[in-house]
file start13.cif (mmCIF, C-alpha atoms and all ligand atoms)
data_model
loop_
_atom_site.label_atom_id
_atom_site.label_comp_id
_atom_site.auth_asym_id
_atom_site.auth_seq_id
_atom_site.Cartn_x
_atom_site.Cartn_y
_atom_site.Cartn_z
CA MET A 1 -63.93 96.39 -81.03
CA ILE A 2 -62.53 94.57 -84.07
CA ASN A 3 -62.52 91.25 -82.22
CA LYS A 4 -62.25 90.19 -78.59
CA TYR A 5 -58.66 91.44 -78.15
CA TYR A 6 -58.11 94.16 -80.76
CA ASP A 7 -59.82 97.52 -80.52
CA LYS A 8 -58.03 99.52 -83.25
CA ILE A 9 -54.74 98.74 -84.95
CA GLN A 10 -52.09 101.19 -83.73
CA VAL A 11 -49.03 99.79 -85.50
CA VAL A 12 -48.55 97.96 -88.81
CA GLU A 13 -45.15 96.31 -89.19
CA PHE A 14 -43.74 94.98 -92.43
CA ASP A 15 -41.22 92.75 -93.99
CA LEU A 16 -41.88 94.75 -97.16
CA THR A 17 -39.63 92.58 -99.32
CA SER A 18 -37.58 89.41 -99.08
CA THR A 19 -34.96 90.92 -101.38
CA CYS A 20 -31.54 92.30 -100.48
CA GLN A 21 -28.17 92.59 -102.20
CA ALA A 22 -26.20 92.13 -98.98
CA TYR A 23 -24.80 89.05 -97.28
CA CYS A 24 -24.70 89.96 -93.60
CA ALA A 25 -23.80 86.48 -92.41
CA SER A 26 -25.93 86.45 -89.26
CA CYS A 27 -29.08 87.71 -91.05
CA SER A 28 -32.10 85.36 -91.12
CA ARG A 29 -31.83 85.28 -94.91
CA TYR A 30 -28.86 82.94 -94.53
CA VAL A 31 -27.81 79.76 -92.79
CA ILE A 32 -24.34 78.45 -92.16
CA GLU A 33 -23.80 74.94 -93.37
CA ASP A 34 -20.70 72.91 -94.21
CA GLY A 35 -18.44 75.92 -93.64
CA ALA A 36 -20.34 78.21 -96.01
CA VAL A 37 -23.06 80.86 -95.96
CA LYS A 38 -26.09 79.59 -97.91
CA LEU A 39 -29.66 80.75 -98.58
CA ASN A 40 -32.14 79.93 -95.80
CA PRO A 41 -34.28 77.14 -97.32
CA TYR A 42 -37.41 78.33 -95.48
CA VAL A 43 -37.34 81.89 -96.86
CA LYS A 44 -39.36 82.65 -99.99
CA PHE A 45 -36.96 85.04 -101.69
CA ASN A 46 -37.74 87.96 -103.98
CA ASN A 47 -41.31 88.58 -102.88
CA GLN A 48 -42.68 92.03 -102.13
CA VAL A 49 -45.89 93.50 -100.77
CA SER A 50 -47.84 94.97 -103.69
CA ILE A 51 -49.31 98.46 -103.90
CA ASP A 52 -52.78 96.80 -104.01
CA ALA A 53 -52.10 95.14 -100.67
CA ILE A 54 -50.86 98.44 -99.21
CA ALA A 55 -54.11 100.14 -100.33
CA ASN A 56 -56.12 97.18 -98.97
CA ILE A 57 -54.49 97.65 -95.54
CA PHE A 58 -54.35 101.42 -95.14
CA SER A 59 -57.84 102.16 -96.50
CA SER A 60 -59.17 100.20 -93.51
CA GLU A 61 -61.04 102.12 -90.82
CA LEU A 62 -59.80 99.51 -88.33
CA ILE A 63 -56.44 101.32 -88.32
CA VAL A 64 -55.97 104.56 -86.35
CA GLU A 65 -55.29 107.74 -88.34
CA ASN A 66 -51.81 108.34 -86.88
CA VAL A 67 -50.77 104.71 -87.29
CA GLY A 68 -47.15 103.76 -86.64
CA VAL A 69 -45.70 102.01 -89.70
CA SER A 70 -42.51 100.07 -89.25
CA MET A 71 -40.59 98.87 -92.28
CA VAL A 72 -37.60 97.20 -90.69
CA GLY A 73 -38.05 93.56 -91.63
CA SER A 74 -35.98 90.50 -90.98
CA ILE A 75 -35.34 88.94 -94.38
CA GLY A 76 -35.16 91.86 -96.78
CA ASP A 77 -34.60 95.55 -97.26
CA PRO A 78 -37.52 97.96 -97.88
CA LEU A 79 -35.41 99.92 -100.39
CA ALA A 80 -35.31 96.75 -102.53
CA HIS A 81 -39.02 97.28 -103.29
CA THR A 82 -39.42 98.06 -106.99
CA ASP A 83 -41.84 100.92 -106.21
CA ILE A 84 -40.97 102.11 -102.72
CA VAL A 85 -42.08 105.65 -103.56
CA GLY A 86 -45.50 104.28 -104.64
CA VAL A 87 -45.75 102.28 -101.40
CA LEU A 88 -45.15 105.38 -99.28
CA GLU A 89 -47.46 107.59 -101.37
CA THR A 90 -50.25 105.01 -101.02
CA ILE A 91 -49.84 104.87 -97.24
CA PHE A 92 -50.04 108.67 -96.92
CA LYS A 93 -52.93 108.88 -99.41
CA HIS A 94 -55.05 106.81 -97.01
CA LYS A 95 -53.46 107.79 -93.70
CA PRO A 96 -51.86 111.26 -94.05
CA LYS A 97 -50.96 111.30 -90.35
CA ALA A 98 -49.08 107.97 -90.48
CA ARG A 99 -45.60 107.88 -88.92
CA VAL A 100 -43.27 105.73 -90.99
CA VAL A 101 -39.92 104.31 -89.93
CA MET A 102 -37.71 102.43 -92.42
CA HIS A 103 -34.34 100.69 -92.10
CA THR A 104 -31.96 100.16 -95.00
CA ASN A 105 -28.36 99.20 -95.60
CA GLY A 106 -28.16 102.33 -97.78
CA GLY A 107 -26.49 100.71 -100.77
CA LEU A 108 -29.69 99.76 -102.59
CA GLY A 109 -31.50 101.99 -105.05
CA HIS A 110 -30.54 105.26 -106.70
CA PRO A 111 -30.11 108.77 -105.34
CA ASP A 112 -33.21 109.88 -107.27
CA THR A 113 -35.39 107.45 -105.33
CA TYR A 114 -33.99 108.74 -102.02
CA ARG A 115 -34.65 112.30 -103.15
CA LYS A 116 -38.26 111.43 -103.98
CA ILE A 117 -38.76 109.72 -100.63
CA ALA A 118 -37.39 112.79 -98.84
CA GLN A 119 -39.89 114.99 -100.68
CA ILE A 120 -43.00 112.93 -99.92
CA GLU A 121 -45.42 114.79 -97.72
CA GLY A 122 -45.65 112.79 -94.51
CA THR A 123 -43.56 111.78 -91.53
CA ILE A 124 -40.75 109.42 -92.53
CA LYS A 125 -37.63 108.53 -90.56
CA LEU A 126 -35.02 106.58 -92.48
CA TYR A 127 -32.45 104.61 -90.52
CA PHE A 128 -29.25 103.77 -92.36
CA SER A 129 -27.60 100.61 -91.02
CA ILE A 130 -23.96 101.49 -91.53
CA ASP A 131 -21.55 99.49 -89.40
CA GLY A 132 -18.25 101.23 -89.88
CA LEU A 133 -16.56 103.48 -92.41
CA ALA A 134 -15.38 102.97 -96.00
CA ASP A 135 -12.78 100.38 -94.98
CA THR A 136 -14.90 98.37 -92.49
CA ASN A 137 -18.65 98.56 -93.26
CA HIS A 138 -18.43 95.70 -95.77
CA LEU A 139 -16.84 93.36 -93.20
CA TYR A 140 -20.37 92.65 -91.95
CA ARG A 141 -22.43 94.30 -94.71
CA ASP A 142 -20.87 92.14 -97.42
CA SER A 143 -21.72 93.43 -100.95
CA VAL A 144 -22.86 96.87 -99.78
CA VAL A 145 -20.83 99.42 -101.77
CA TRP A 146 -19.67 102.40 -99.71
CA GLU A 147 -19.84 104.91 -102.59
CA ARG A 148 -23.52 104.05 -103.13
CA ILE A 149 -24.23 104.72 -99.44
CA GLU A 150 -22.51 108.10 -99.69
CA GLN A 151 -24.54 109.08 -102.76
CA ASN A 152 -27.87 107.87 -101.38
CA VAL A 153 -27.43 109.38 -97.91
CA GLN A 154 -26.41 112.74 -99.31
CA ALA A 155 -29.25 112.81 -101.86
CA PHE A 156 -31.76 111.98 -99.10
CA ILE A 157 -30.48 114.52 -96.58
CA GLN A 158 -29.96 117.32 -99.09
CA ALA A 159 -33.56 116.86 -100.28
CA GLY A 160 -34.76 117.42 -96.70
CA GLY A 161 -35.09 113.83 -95.46
CA THR A 162 -34.78 112.83 -91.79
CA ALA A 163 -31.91 110.35 -91.59
CA ARG A 164 -30.56 108.40 -88.62
CA TRP A 165 -27.36 106.35 -88.54
CA LYS A 166 -27.53 103.00 -86.73
CA TYR A 167 -24.10 101.48 -86.11
CA ILE A 168 -23.61 97.92 -84.88
CA VAL A 169 -20.41 97.80 -82.83
CA PHE A 170 -18.11 94.90 -83.70
CA ASP A 171 -14.49 94.26 -82.71
CA TRP A 172 -13.30 95.51 -86.09
CA ASN A 173 -15.19 98.83 -86.09
CA LYS A 174 -15.26 99.84 -82.42
CA HIS A 175 -12.27 102.18 -82.87
CA GLN A 176 -14.21 104.13 -85.53
CA VAL A 177 -17.34 105.01 -83.56
CA GLU A 178 -16.26 108.59 -82.83
CA ALA A 179 -15.09 109.19 -86.42
CA ALA A 180 -18.44 107.86 -87.69
CA ARG A 181 -20.33 110.09 -85.26
CA GLN A 182 -18.44 113.10 -86.63
CA LEU A 183 -19.10 112.04 -90.21
CA SER A 184 -22.80 111.69 -89.39
CA GLN A 185 -22.84 115.33 -88.26
CA GLN A 186 -20.93 116.43 -91.32
CA TRP A 187 -23.41 114.66 -93.60
CA GLY A 188 -26.41 116.07 -91.70
CA PHE A 189 -27.81 112.99 -89.97
CA GLN A 190 -30.40 113.92 -87.33
CA LYS A 191 -29.12 111.24 -84.94
CA PHE A 192 -26.29 108.72 -84.55
CA GLU A 193 -26.73 105.65 -82.36
CA THR A 194 -24.73 102.54 -81.65
CA ILE A 195 -26.25 99.13 -80.92
CA LYS A 196 -24.80 95.83 -79.73
CA ASP A 197 -24.25 92.91 -82.07
CA ARG A 198 -27.12 90.60 -81.18
CA SER A 199 -25.72 87.41 -82.63
CA ARG A 200 -24.63 84.96 -79.98
CA GLY A 201 -20.92 84.35 -79.33
CA GLU A 202 -20.70 80.94 -80.94
CA GLU A 203 -22.77 82.06 -83.95
CA ARG A 204 -20.57 85.11 -84.33
CA ASP A 205 -17.41 83.03 -84.31
CA GLU A 206 -18.96 80.66 -86.82
CA TRP A 207 -20.06 83.31 -89.31
CA ASN A 208 -16.82 85.19 -88.84
CA SER A 209 -14.91 82.13 -89.95
CA VAL A 210 -17.13 81.36 -92.96
CA LYS A 211 -18.32 84.77 -94.11
CA HIS A 212 -16.04 84.87 -97.13
CA ASN A 213 -17.29 81.49 -98.29
CA ILE A 214 -20.65 82.55 -99.69
CA LYS A 215 -22.56 80.09 -101.87
CA LYS A 216 -24.75 82.70 -103.44
CA LYS A 217 -27.34 80.45 -105.09
CA GLU A 218 -27.12 77.38 -102.91
CA PHE A 219 -29.91 76.66 -100.46
CA GLY A 220 -29.23 75.03 -97.11
CA ARG A 221 -30.96 71.75 -96.31
CA LEU A 222 -34.55 71.56 -95.07
CA LYS A 223 -34.90 69.98 -91.65
CA ASN A 224 -37.79 67.95 -90.36
CA GLU A 225 -37.10 68.59 -86.73
CA GLU A 226 -39.44 70.54 -84.54
CA PHE A 227 -39.14 71.99 -81.07
CA ARG A 228 -42.51 71.81 -79.34
CA ILE A 229 -42.79 72.12 -75.58
CA ALA A 230 -44.75 69.31 -73.97
CA SER A 231 -47.93 70.38 -72.21
CA GLU A 232 -46.66 69.33 -68.74
CA LYS A 233 -43.57 71.46 -69.25
CA LYS A 234 -45.62 74.38 -70.53
CA ALA A 235 -47.40 74.43 -67.16
CA SER A 236 -44.15 75.53 -65.50
CA TRP A 237 -43.64 78.53 -67.81
CA ASP A 238 -44.79 82.09 -67.14
CA LEU A 239 -47.61 83.39 -69.28
CA PRO A 240 -46.36 85.00 -72.50
CA ASP A 241 -46.05 88.77 -72.21
CA THR A 242 -48.46 90.05 -74.86
CA THR A 243 -47.35 93.68 -74.91
CA GLU A 244 -45.88 93.36 -78.39
CA CYS A 245 -49.01 92.00 -80.05
CA ILE A 246 -52.31 92.62 -78.25
CA GLY A 247 -50.80 95.12 -75.78
CA ASN A 248 -49.57 97.40 -78.54
CA GLN A 249 -52.37 96.49 -80.99
CA VAL A 250 -49.89 95.47 -83.67
CA VAL A 251 -50.15 93.39 -86.81
CA TYR A 252 -47.33 92.24 -89.05
CA ILE A 253 -47.36 91.81 -92.84
CA ASN A 254 -44.88 89.43 -94.49
CA PRO A 255 -43.59 89.63 -98.10
CA GLN A 256 -46.15 86.99 -99.21
CA GLU A 257 -48.84 89.45 -98.08
CA MET A 258 -49.91 87.37 -95.11
CA VAL A 259 -51.10 89.06 -91.92
CA VAL A 260 -49.55 87.53 -88.78
CA PRO A 261 -49.55 88.73 -85.14
CA CYS A 262 -45.98 89.96 -84.74
CA CYS A 263 -42.39 89.87 -86.01
CA LYS A 264 -41.68 86.81 -83.89
CA TRP A 265 -44.40 84.85 -85.66
CA ALA A 266 -43.19 86.14 -89.02
CA THR A 267 -39.62 85.04 -88.35
CA GLY A 268 -40.88 81.76 -86.84
CA PHE A 269 -42.05 80.70 -90.30
CA ASN A 270 -38.47 81.11 -91.53
CA TRP A 271 -36.98 78.51 -89.17
CA PHE A 272 -37.64 74.82 -88.75
CA GLU A 273 -38.22 74.76 -84.99
CA HIS A 274 -41.72 76.16 -84.57
CA ARG A 275 -43.12 76.13 -88.09
CA SER A 276 -45.38 73.10 -87.95
CA GLU A 277 -46.99 74.01 -84.63
CA MET A 278 -47.61 77.57 -85.87
CA ILE A 279 -49.05 76.38 -89.18
CA GLU A 280 -51.28 73.93 -87.34
CA PHE A 281 -52.43 76.65 -84.92
CA MET A 282 -53.07 79.12 -87.71
CA TYR A 283 -54.86 76.94 -90.24
CA THR A 284 -56.58 74.11 -88.34
CA ASP A 285 -60.31 74.88 -88.38
CA ASN A 286 -59.74 77.80 -90.73
CA GLU A 287 -59.62 78.55 -94.46
CA GLN A 288 -56.23 77.89 -96.06
CA ASP A 289 -55.79 81.50 -97.23
CA TRP A 290 -57.72 83.27 -94.48
CA ASN A 291 -54.82 85.61 -93.62
CA SER A 292 -53.70 86.33 -97.20
CA LEU A 293 -54.21 89.84 -98.54
CA LYS A 294 -54.14 88.31 -102.03
CA HIS A 295 -57.47 86.64 -101.28
CA ASN A 296 -59.14 88.73 -98.58
CA SER A 297 -59.67 92.28 -97.41
CA PHE A 298 -57.63 93.45 -94.43
CA ASN A 299 -60.94 93.97 -92.57
CA ASP A 300 -62.10 90.39 -93.16
CA ILE A 301 -58.72 89.09 -91.99
CA LEU A 302 -58.93 91.11 -88.77
CA HIS A 303 -62.47 89.85 -88.16
CA ASN A 304 -61.36 86.23 -88.51
CA LYS A 305 -61.81 83.93 -85.49
CA PHE A 306 -58.01 83.37 -85.37
CA TRP A 307 -57.42 86.53 -83.29
CA ASP A 308 -59.76 85.38 -80.52
CA LYS A 309 -58.13 81.97 -80.62
CA LEU A 310 -54.69 83.61 -80.28
CA GLY A 311 -55.78 85.88 -77.41
CA ASP A 312 -57.53 83.00 -75.62
CA SER A 313 -54.49 80.74 -76.01
CA LEU A 314 -52.28 83.32 -74.31
CA GLN A 315 -54.37 83.27 -71.13
CA LEU A 316 -52.74 79.98 -70.11
CA SER A 317 -49.18 78.80 -70.64
CA THR A 318 -50.45 75.27 -71.39
CA THR A 319 -52.47 76.50 -74.39
CA SER A 320 -49.86 78.99 -75.69
CA CYS A 321 -47.83 78.11 -78.75
CA THR A 322 -44.20 77.20 -78.22
CA ARG A 323 -43.28 80.24 -80.30
CA CYS A 324 -45.04 82.61 -77.88
CA LEU A 325 -43.61 80.86 -74.83
CA THR A 326 -40.04 80.84 -76.06
CA GLN A 327 -40.15 84.42 -77.37
CA CYS A 328 -42.32 86.22 -74.84
CA SER A 329 -42.16 84.52 -71.45
CA ARG A 330 -39.56 83.66 -68.89
CA VAL A 331 -39.27 80.11 -67.61
CA SER A 332 -40.57 79.99 -64.07
CA GLY A 333 -40.72 76.27 -63.31
C1 LIG B 1 -32.65 92.21 -90.98
S1 LIG B 1 -32.44 93.93 -91.05
C2 LIG B 1 -33.58 94.46 -92.31
C3 LIG B 1 -33.48 95.95 -92.63
C4 LIG B 1 -32.30 96.39 -93.45
N1 LIG B 1 -31.96 95.46 -94.46
C5 LIG B 1 -31.10 96.66 -92.55
O1 LIG B 1 -30.18 95.84 -92.52
O2 LIG B 1 -31.13 97.71 -91.91
C6 LIG B 1 -33.31 94.44 -89.61
C7 LIG B 1 -32.45 95.07 -88.55
O3 LIG B 1 -31.55 94.12 -88.01
C8 LIG B 1 -30.34 94.78 -87.72
N2 LIG B 1 -29.27 93.80 -87.63
C9 LIG B 1 -28.76 93.04 -88.62
N3 LIG B 1 -27.75 92.26 -88.15
C10 LIG B 1 -27.62 92.53 -86.83
C11 LIG B 1 -26.75 92.07 -85.80
N4 LIG B 1 -25.83 91.16 -86.02
N5 LIG B 1 -26.91 92.59 -84.56
C12 LIG B 1 -27.87 93.54 -84.31
N6 LIG B 1 -28.73 94.02 -85.24
C13 LIG B 1 -28.61 93.52 -86.50
C14 LIG B 1 -30.19 95.74 -88.88
O4 LIG B 1 -29.27 96.75 -88.62
C15 LIG B 1 -31.61 96.23 -89.06
O5 LIG B 1 -31.88 97.37 -88.29
S1 LIG B 2 -28.83 94.41 -95.19
FE1 LIG B 2 -30.45 93.83 -93.74
S2 LIG B 2 -31.76 92.34 -94.85
FE2 LIG B 2 -29.88 92.61 -96.04
S3 LIG B 2 -28.61 90.88 -95.42
FE3 LIG B 2 -28.06 92.64 -94.13
S4 LIG B 2 -29.33 92.52 -92.26
FE4 LIG B 2 -30.20 91.13 -93.84
S1 LIG B 3 -44.72 85.73 -79.95
FE1 LIG B 3 -46.87 85.42 -79.33
S2 LIG B 3 -47.08 86.52 -77.36
FE2 LIG B 3 -45.19 87.23 -78.34
S3 LIG B 3 -45.80 89.11 -79.41
FE3 LIG B 3 -45.95 87.40 -80.87
S4 LIG B 3 -48.07 86.65 -80.78
FE4 LIG B 3 -47.70 87.95 -78.97
#
call {"tool": "encode", "arguments": {"input": "start13.cif", "output": "structure tokens"}}
result
Amino acid sequence: MINKYYDKIQVVEFDLTSTCQAYCASCSRYVIEDGAVKLNPYVKFNNQVSIDAIANIFSSELIVENVGVSMVGSIGDPLAHTDIVGVLETIFKHKPKARVVMHTNGGLGHPDTYRKIAQIEGTIKLYFSIDGLADTNHLYRDSVVWERIEQNVQAFIQAGGTARWKYIVFDWNKHQVEAARQLSQQWGFQKFETIKDRSRGEERDEWNSVKHNIKKKEFGRLKNEEFRIASEKKASWDLPDTTECIGNQVVYINPQEMVVPCCKWATGFNWFEHRSEMIEFMYTDNEQDWNSLKHNSFNDILHNKFWDKLGDSLQLSTTSCTRCLTQCSRVSG
């Protein structure tokens, strides 16, 4: 056992970068304020996980040999990494049986990079998030250039890469789903799938009305508010379902090279509601940089007392963090 709750790490998830050229208005990179899309003031932009940190993680014997590696992210695109080929080569150098999944908007980087990724020895599935065709993709994927997608997809597939097309269905592209499916076959995608837009109705209407008013370098305002559930109220909540963290033996790495339990914790740091409670939970009675790969080995981080504290806290709804309760349990009281 690594600690009381983790035996061996089965999945390592990443926000590999906090960089992206696109302005998808409902992405966590952005906030809507005063009728405009602005930069999320809680996101630390233009960070990336270094090759040293990747080696630090994947050389660890605490990770299984056929580890699942997910490079989806919430505030950046993995193809924005300045040495994405080096990242992947380092993973497979230490864990040749790793299974890597990446998601990209497809417009970043050059065909040569996609060719090199396709030729790396190791299992890689690359999802292209393309929400429409030449005349509609940019309606959500603002600033993604269609011609770049075409070049990158074709370079990747022709070099032998496994590509999947993920299509978010919106009102303005629903009539093109079948045409896109056919194009995916023509281009040689292994799979085509549609998913639902997950932004809520009112958010969707809001970003729809402001998405052409993008203040590219303006940050939104910081808020002091916090949403913390009172202990008496916590007692009426179900226990958090821990299948995504302890159940699946997952850890998550953010672009500042911090190890956190899951994507929900990682995204929690990018919003005002749960930040202070999470920071308090993570750093009270602990070293300031205990979970930073810039200061510690992955092994030392996984042996830190935090993981027992997290697992113990999830045994009772009254001791669970608001983040865990709101993300992973259903209200029962
Ligand atoms: C934040 S993105 C980061 C990865 C990459 N930049 C991309 O867009 O594919 C993570 C995932 O969220 C998905 N996503 C973005 N906006 C969405 C929306 N409104 N509804 C559902 N999924 C969305 C993307 O397609 C992607 O698979
Ligand atoms: S491409 Fe991905 S990371 Fe970039 S803005 Fe869109 S959803 Fe966010
Ligand atoms: S939010 Fe909490 S309970 Fe849910 S997966 Fe993350 S750490 Fe586990």
call {"tool": "residues_around", "arguments": {"input": "start13.cif", "residues": "Leu302 in chain A", "least_positions_apart": "6", "cutoff": "10 Å", "atoms": "all atoms listed in the file", "output": "list of chain:residue names"}}
result
A:Ile2, A:Asn3, A:Tyr6, A:Ile9, A:Leu62, A:Val251, A:Val259, A:Trp290, A:Asn291
call {"tool": "closest_residue", "arguments": {"input": "start13.cif", "among": "A:Glu13, A:Asp135, A:Glu225, A:Asp241", "to": "ligand LIG 1 (chain B)", "atoms": "all atoms listed in the file"}}
result
A:Glu13
call {"tool": "residues_near_ligand", "arguments": {"input": "start13.cif", "ligand": "ligand LIG 2 (chain B)", "cutoff": "9 Å", "atoms": "only C-alpha atoms and all ligand atoms", "output": "PyMOL selection string"}}
result
chain A and resi 18-30+72-78+103-107+129+140-142+144
call {"tool": "axis_aligned_box", "arguments": {"input": "start13.cif", "around": "range 172-182 of chain A", "padding_each_side": "4 Å", "output": "lines of an AutoDock Vina configuration file"}}
result
center_x = -16.3
center_y = 104.3
center_z = -85.1
size_x = 16.1
size_y = 25.6
size_z = 13.3
call {"tool": "atom_distance", "arguments": {"input": "start13.cif", "atom1": "CA of Val69 in chain A", "atom2": "CA of Ile301 in chain A"}}
result
18.5 Å
call {"tool": "closest_residue", "arguments": {"input": "start13.cif", "among": "A:Met282, A:Ile91, A:Val100, A:Val260", "to": "ligand LIG 3 (chain B)", "atoms": "all atoms listed in the file"}}
result
A:Val260
call {"tool": "closest_residue", "arguments": {"input": "start13.cif", "among": "A:Thr267, A:Ser236, A:Gln154, A:Gln182", "to": "ligand LIG 1 (chain B)", "atoms": "only C-alpha atoms and all ligand atoms"}}
result
A:Thr267
call {"tool": "closest_residue", "arguments": {"input": "start13.cif", "among": "A:Val101, A:Val331, A:Leu88, A:Val250", "to": "ligand LIG 3 (chain B)", "atoms": "all atoms listed in the file"}}
result
A:Val250
call {"tool": "residues_near_ligand", "arguments": {"input": "start13.cif", "ligand": "ligand LIG 3 (chain B)", "cutoff": "10 Å", "atoms": "all atoms listed in the file", "output": "PyMOL selection string"}}
result
chain A and resi 239-252+260-268+307+310-311+313-314+320-329
call {"tool": "closest_residue", "arguments": {"input": "start13.cif", "among": "A:Asp312, A:Asp34, A:Glu257, A:Asp171", "to": "Asn47 in chain A", "atoms": "all atoms listed in the file"}}
result
A:Glu257
call {"tool": "closest_residue", "arguments": {"input": "start13.cif", "among": "A:Asn304, A:Thr113, A:Asn137, A:Ser276", "to": "ligand LIG 1 (chain B)", "atoms": "all atoms listed in the file"}}
result
A:Asn137
call {"tool": "atom_distance", "arguments": {"input": "start13.cif", "atom1": "CA of Thr284 in chain A", "atom2": "CA of Ile229 in chain A"}}
result
18.9 Å
call {"tool": "residues_around", "arguments": {"input": "start13.cif", "residues": "Glu206 in chain A", "least_positions_apart": "2", "cutoff": "12 Å", "atoms": "only C-alpha atoms", "output": "ChimeraX atom specification"}}
result
/A:25-26,31-37,199-204,208-213
call {"tool": "residues_around", "arguments": {"input": "start13.cif", "residues": "range 185-197 of chain A", "least_positions_apart": "6", "cutoff": "12 Å", "atoms": "all atoms listed in the file", "output": "count of residues only"}}
result
44
call {"tool": "atom_distance", "arguments": {"input": "start13.cif", "atom1": "atom C6 of ligand LIG 1 (chain B)", "atom2": "CA of Val85 in chain A"}}
result
19.9 Å
call {"tool": "residues_around", "arguments": {"input": "start13.cif", "residues": "Ser231 in chain A", "least_positions_apart": "5", "cutoff": "9 Å", "atoms": "all atoms listed in the file", "output": "ChimeraX atom specification"}}
result
/A:317-319
call {"tool": "build_atoms", "arguments": {"input": "start13.cif", "residues": "range 36-55 of chain A", "atoms": "N, CA and C atoms", "output": "mmCIF file, in the frame of the given file"}}
result
data_model
loop_
_atom_site.group_PDB
_atom_site.id
_atom_site.type_symbol
_atom_site.label_atom_id
_atom_site.label_comp_id
_atom_site.auth_asym_id
_atom_site.auth_seq_id
_atom_site.Cartn_x
_atom_site.Cartn_y
_atom_site.Cartn_z
ATOM 1 N N ALA A 36 -20.011 77.172 -95.022
ATOM 2 C CA ALA A 36 -20.340 78.210 -96.010
ATOM 3 C C ALA A 36 -21.653 78.900 -95.643
ATOM 4 N N VAL A 37 -21.813 80.124 -96.141
ATOM 5 C CA VAL A 37 -23.060 80.860 -95.960
ATOM 6 C C VAL A 37 -23.961 80.531 -97.147
ATOM 7 N N LYS A 38 -25.163 79.990 -96.846
ATOM 8 C CA LYS A 38 -26.090 79.590 -97.910
ATOM 9 C C LYS A 38 -27.450 80.250 -97.689
ATOM 10 N N LEU A 39 -28.318 80.169 -98.694
ATOM 11 C CA LEU A 39 -29.660 80.750 -98.580
ATOM 12 C C LEU A 39 -30.501 79.918 -97.599
ATOM 13 N N ASN A 40 -31.240 80.606 -96.744
ATOM 14 C CA ASN A 40 -32.140 79.930 -95.800
ATOM 15 C C ASN A 40 -33.237 79.210 -96.603
ATOM 16 N N PRO A 41 -33.328 77.880 -96.478
ATOM 17 C CA PRO A 41 -34.280 77.140 -97.320
ATOM 18 C C PRO A 41 -35.744 77.413 -97.000
ATOM 19 N N TYR A 42 -36.017 78.050 -95.846
ATOM 20 C CA TYR A 42 -37.410 78.330 -95.480
ATOM 21 C C TYR A 42 -37.885 79.703 -95.956
ATOM 22 N N VAL A 43 -36.958 80.526 -96.426
ATOM 23 C CA VAL A 43 -37.340 81.890 -96.860
ATOM 24 C C VAL A 43 -37.793 81.848 -98.322
ATOM 25 N N LYS A 44 -38.906 82.504 -98.599
ATOM 26 C CA LYS A 44 -39.360 82.650 -99.990
ATOM 27 C C LYS A 44 -38.777 83.964 -100.493
ATOM 28 N N PHE A 45 -37.695 83.840 -101.266
ATOM 29 C CA PHE A 45 -36.960 85.040 -101.690
ATOM 30 C C PHE A 45 -37.673 85.804 -102.797
ATOM 31 N N ASN A 46 -37.303 87.078 -102.893
ATOM 32 C CA ASN A 46 -37.740 87.960 -103.980
ATOM 33 C C ASN A 46 -39.258 88.128 -104.089
ATOM 34 N N ASN A 47 -39.892 88.200 -102.939
ATOM 35 C CA ASN A 47 -41.310 88.580 -102.880
ATOM 36 C C ASN A 47 -41.381 90.017 -102.381
ATOM 37 N N GLN A 48 -42.474 90.692 -102.703
ATOM 38 C CA GLN A 48 -42.680 92.030 -102.130
ATOM 39 C C GLN A 48 -44.175 92.284 -101.963
ATOM 40 N N VAL A 49 -44.493 93.145 -101.010
ATOM 41 C CA VAL A 49 -45.890 93.500 -100.770
ATOM 42 C C VAL A 49 -46.313 94.483 -101.868
ATOM 43 N N SER A 50 -47.409 94.160 -102.545
ATOM 44 C CA SER A 50 -47.840 94.970 -103.690
ATOM 45 C C SER A 50 -48.524 96.265 -103.247
ATOM 46 N N ILE A 51 -48.612 97.201 -104.187
ATOM 47 C CA ILE A 51 -49.310 98.460 -103.900
ATOM 48 C C ILE A 51 -50.791 98.168 -103.601
ATOM 49 N N ASP A 52 -51.377 97.168 -104.282
ATOM 50 C CA ASP A 52 -52.780 96.800 -104.010
ATOM 51 C C ASP A 52 -52.955 96.386 -102.553
ATOM 52 N N ALA A 53 -52.000 95.586 -102.068
ATOM 53 C CA ALA A 53 -52.100 95.140 -100.670
ATOM 54 C C ALA A 53 -51.942 96.320 -99.720
ATOM 55 N N ILE A 54 -51.053 97.245 -100.064
ATOM 56 C CA ILE A 54 -50.860 98.440 -99.210
ATOM 57 C C ILE A 54 -52.167 99.235 -99.144
ATOM 58 N N ALA A 55 -52.826 99.395 -100.300
ATOM 59 C CA ALA A 55 -54.110 100.140 -100.330
ATOM 60 C C ALA A 55 -55.166 99.365 -99.544
#
